[in-house]
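Have a look at the structure below, then the notes.
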Amino acid sequence: MKVLVIGGGGREHALVWALRKSARVTEIVCAPGNGGIAALARCVSLNVASVEETLAVAAAEAPSLVVVGPEVPLAAGVVDTLQRRGVPVFGPTRAAAQLESSKGFAKEFMRRWEIPTAAYALCHSCDIVYGALEKFGERVVVKADGLAAGKGVVLCETHAEALAAAEQMFSGELLGGGVESVVLEEMLEGPEVSFFAICDGSTAVALAVAQDHKRIGEGDTGSNTGGMGAYSTDDLVSPEMFVWMTGVAQRVVDGMKAEGTPFDGVLFTGFMMTPQGPKVLEFNTRFGDPETEAIMLRLETDLLDILEAAVAGRIGSVEVKLKPGASACVIAASAGYPGKYASGKPISGLDSVSNGVQVFHAGTTVRDGEIVTAGGRVLAVSAVGEDLKAALGRIYPAMEGISFEGMQFRRDIGWRAL
C-alpha cells in the first residue's frame, strides 16, 4: 500500500524509516521531505501550512493512508478536510488538536477533568496579567496561547519579567505577531518526562516514555530549543508510574469524547515529576521531535499496524512492543541556533556512519547532488543499546566523523540518567 507522510523534519524521517520496515508498504511519498528522506521515499513539494495544497497532493497521489507529522497542519484542520474527502488519515481533528494549539483550552480542559497540573490564570490583556500575578510566587511561567514554534514559553524570575514577557507577546514583539491571550503558570520544579500514547477516539494505548533536552547548553543551561537530544529507557519511570501515566492519557481521551471532540492520533503528555507528584506541563497532539527519532529505533511492532488500527478505531487490539534496553539521539545543530543561523553548509561524513547508528535528517536538502544544511536542527544521530551508556557510546564516536561548518551539539545527553 502507498503511504503519504506530511512533514520534512527528523520526526518524519524516523516515521518514514519505520514505515519502510513494514512488509505491506509498497511506496512512501513524503511532502515536502528532506535530503535524508529522499533516500527512502519519493519527495514532493508542499507548504505544510496549506490545507489546499495538502488536499491537492493527496488527490494526486491517492494514498491508502496519510500520516500528518507537524502540528501546524493539524491546527489548520487538514485532518478534517481529508476525512470529509474519504481519505484515511492518522491525526486529530482541528478541534481535538486544541489540546496543543491552545494552552488556554488545555488548562481549562485539565481543570474540568481533574488532571493534575500547575496553578494557572488565563489572561486576555496586560491589565488582567497585572492583577493575576499577585496570586503567584515570584517565579512564574508565561505562555502564549497558541502555536509559537517553541518560542512561546518564557520562564520568569520576577513579576516584572513576567509582565514584560506578556506585554511582548500581546504586542507581537516576541513572536512576530500578537496573541489574544496568555497563560500564567506557577513554576514547577523537577525532571520532565514525555509520555506517548496512540489513541483512536475511545482508547489510549501506551507507546513509550522518553526524556528530551530543551536547552542549548550542557547541564541544561541557556536558551530553549526545539530539542537538542532525547533518550528512552526501560527504567525511565517505574512500572507503576507507567500505568498511572497511561491512565491520565485515557482520562484525556474519555474527556475529549464526552465533550464531542474525540481524540485520534498521538497524544504526547509532558509531565513534570515534582516533589508533590507528577503534574502535566503540556499536551502535544503529534509525535514529538526529537523523541520520535529515539523511540522508532526501539519499536518492534509494525508501525503501519499501529497507525491503521488507530484510524480504524481498534487500537486496543494491538500490542505495542519495544526492544528492551535503551535508545538515544543527539542533535547536530547549525551555528547560532536557536537564534539566527546560516543554511547551505555542505555536510561530510554521513557515508562513514556504522555500528548500528542511524542518522535522521532534521534540516537538510540536496543541492547539486550534495547534502547541505537547511535548518537550525540539522541531524539527529541515533542508536540503540543494552543500556543508555551503550547507546550513547555508539552515537558520540559517530558524531566525531560528521561535520559541517559551525556544527554544534551537546555532549551530555542523558546526563541525569547516567
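Identifiers for the C-alpha cells are assigned positionally: chains receive A, B, ... in sequence, residues are indexed from 1 per chain, and ligands are indexed from 1 in the order shown.
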
Please list as an NGL selection string every residue within 12 Å of A:Gln83, counting only C-alpha atoms and excluding residues in the same chain fewer than 6 positions away. :A and (55 or 58 or 65-66 or 77 or 89-94 or 311)

Requested write-out: N, CA and C atoms of the selected residues, as an mmCIF file, in the first residue's frame:
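Just written: selection.cif:
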data_model
loop_
_atom_site.group_PDB
_atom_site.id
_atom_site.type_symbol
_atom_site.label_atom_id
_atom_site.label_comp_id
_atom_site.auth_asym_id
_atom_site.auth_seq_id
_atom_site.Cartn_x
_atom_site.Cartn_y
_atom_site.Cartn_z
ATOM 1 N N LEU A 55 -4.422 18.844 0.294
ATOM 2 C CA LEU A 55 -5.527 18.138 -0.350
ATOM 3 C C LEU A 55 -5.188 17.812 -1.797
ATOM 4 N N ALA A 58 -2.743 14.894 -1.847
ATOM 5 C CA ALA A 58 -3.440 13.650 -1.525
ATOM 6 C C ALA A 58 -4.293 13.174 -2.705
ATOM 7 N N LEU A 65 -3.133 5.665 3.105
ATOM 8 C CA LEU A 65 -3.078 6.255 4.447
ATOM 9 C C LEU A 65 -2.235 7.514 4.384
ATOM 10 N N VAL A 66 -2.707 8.566 5.074
ATOM 11 C CA VAL A 66 -1.941 9.797 5.248
ATOM 12 C C VAL A 66 -1.545 9.896 6.711
ATOM 13 N N GLY A 77 -6.568 22.224 10.466
ATOM 14 C CA GLY A 77 -7.724 21.407 10.115
ATOM 15 C C GLY A 77 -7.531 20.497 8.926
ATOM 16 N N VAL A 89 -6.720 9.019 7.356
ATOM 17 C CA VAL A 89 -5.656 9.896 7.834
ATOM 18 C C VAL A 89 -5.438 9.684 9.323
ATOM 19 N N PHE A 90 -4.171 9.631 9.712
ATOM 20 C CA PHE A 90 -3.797 9.462 11.114
ATOM 21 C C PHE A 90 -3.463 10.826 11.695
ATOM 22 N N GLY A 91 -4.231 11.239 12.703
ATOM 23 C CA GLY A 91 -4.015 12.514 13.360
ATOM 24 C C GLY A 91 -5.333 13.057 13.887
ATOM 25 N N PRO A 92 -5.284 14.018 14.808
ATOM 26 C CA PRO A 92 -6.500 14.573 15.389
ATOM 27 C C PRO A 92 -7.129 15.660 14.521
ATOM 28 N N THR A 93 -8.422 15.851 14.699
ATOM 29 C CA THR A 93 -9.112 16.944 14.038
ATOM 30 C C THR A 93 -8.654 18.285 14.611
ATOM 31 N N ARG A 94 -9.054 19.355 13.957
ATOM 32 C CA ARG A 94 -8.687 20.688 14.425
ATOM 33 C C ARG A 94 -9.190 20.931 15.845
ATOM 34 N N VAL A 311 -6.667 4.463 13.193
ATOM 35 C CA VAL A 311 -7.614 5.066 12.247
ATOM 36 C C VAL A 311 -8.916 4.272 12.203
#

I'd like the neighbourhood of A:Val129 as JSON, numbers by chain, where a residue qualifies if any of its atoms comes within 8 Å (using only C-alpha atoms), though same-chain residues fewer than 6 positions away should be ignored. {"A": [123, 163, 166, 184]}

Measuring between only C-alpha atoms, which one of A:Gly270, A:Gly227, A:Gly201, A:Gly349 shows the shortest distance to A:Val253? A:Gly201

Filtered DSSP result for stretch 82-146 of chain A, state alpha helix (DSSP H), as a VMD selection string: chain A and resid 82 to 84 98 to 101 103 to 112 126 to 132

Report the residues of stretch 94-173 of chain A whose backbone DSSP state falls under strand (DSSP E), written as a PyMOL selection string. chain A and resi 120-123+140-144+153-156

Once you have the residues from the selection above, write them out as a PDB file, in the first residue's frame, restricted to N, CA and C atoms.
ATOM      1  N   TYR A 120      -2.781  28.111  37.438  1.00  0.00           N
ATOM      2  CA  TYR A 120      -2.677  28.957  36.252  1.00  0.00           C
ATOM      3  C   TYR A 120      -3.711  30.071  36.278  1.00  0.00           C
ATOM      4  N   ALA A 121      -3.527  31.023  35.367  1.00  0.00           N
ATOM      5  CA  ALA A 121      -4.512  32.066  35.111  1.00  0.00           C
ATOM      6  C   ALA A 121      -4.510  32.354  33.620  1.00  0.00           C
ATOM      7  N   LEU A 122      -5.681  32.390  33.010  1.00  0.00           N
ATOM      8  CA  LEU A 122      -5.825  32.703  31.586  1.00  0.00           C
ATOM      9  C   LEU A 122      -6.137  34.192  31.468  1.00  0.00           C
ATOM     10  N   CYS A 123      -5.270  34.924  30.773  1.00  0.00           N
ATOM     11  CA  CYS A 123      -5.351  36.387  30.754  1.00  0.00           C
ATOM     12  C   CYS A 123      -5.500  36.900  29.322  1.00  0.00           C
ATOM     13  N   VAL A 140       7.418  32.678  37.852  1.00  0.00           N
ATOM     14  CA  VAL A 140       6.195  32.352  37.133  1.00  0.00           C
ATOM     15  C   VAL A 140       6.532  32.086  35.668  1.00  0.00           C
ATOM     16  N   VAL A 141       5.723  31.266  35.029  1.00  0.00           N
ATOM     17  CA  VAL A 141       5.885  30.938  33.619  1.00  0.00           C
ATOM     18  C   VAL A 141       4.811  31.664  32.826  1.00  0.00           C
ATOM     19  N   VAL A 142       5.217  32.290  31.721  1.00  0.00           N
ATOM     20  CA  VAL A 142       4.267  32.959  30.833  1.00  0.00           C
ATOM     21  C   VAL A 142       4.250  32.195  29.513  1.00  0.00           C
ATOM     22  N   LYS A 143       3.034  31.785  29.091  1.00  0.00           N
ATOM     23  CA  LYS A 143       2.896  31.006  27.862  1.00  0.00           C
ATOM     24  C   LYS A 143       1.940  31.700  26.902  1.00  0.00           C
ATOM     25  N   ALA A 144       2.349  31.818  25.655  1.00  0.00           N
ATOM     26  CA  ALA A 144       1.448  32.326  24.621  1.00  0.00           C
ATOM     27  C   ALA A 144       0.365  31.295  24.355  1.00  0.00           C
ATOM     28  N   VAL A 153       7.094  30.172  25.356  1.00  0.00           N
ATOM     29  CA  VAL A 153       7.161  29.914  26.801  1.00  0.00           C
ATOM     30  C   VAL A 153       8.347  30.681  27.377  1.00  0.00           C
ATOM     31  N   VAL A 154       8.080  31.519  28.371  1.00  0.00           N
ATOM     32  CA  VAL A 154       9.133  32.312  28.999  1.00  0.00           C
ATOM     33  C   VAL A 154       9.133  32.028  30.499  1.00  0.00           C
ATOM     34  N   LEU A 155      10.276  31.593  31.013  1.00  0.00           N
ATOM     35  CA  LEU A 155      10.441  31.338  32.445  1.00  0.00           C
ATOM     36  C   LEU A 155      10.921  32.618  33.110  1.00  0.00           C
ATOM     37  N   CYS A 156      10.141  33.147  34.032  1.00  0.00           N
ATOM     38  CA  CYS A 156      10.415  34.458  34.621  1.00  0.00           C
ATOM     39  C   CYS A 156      10.747  34.332  36.110  1.00  0.00           C
TER      40      CYS A 156
END
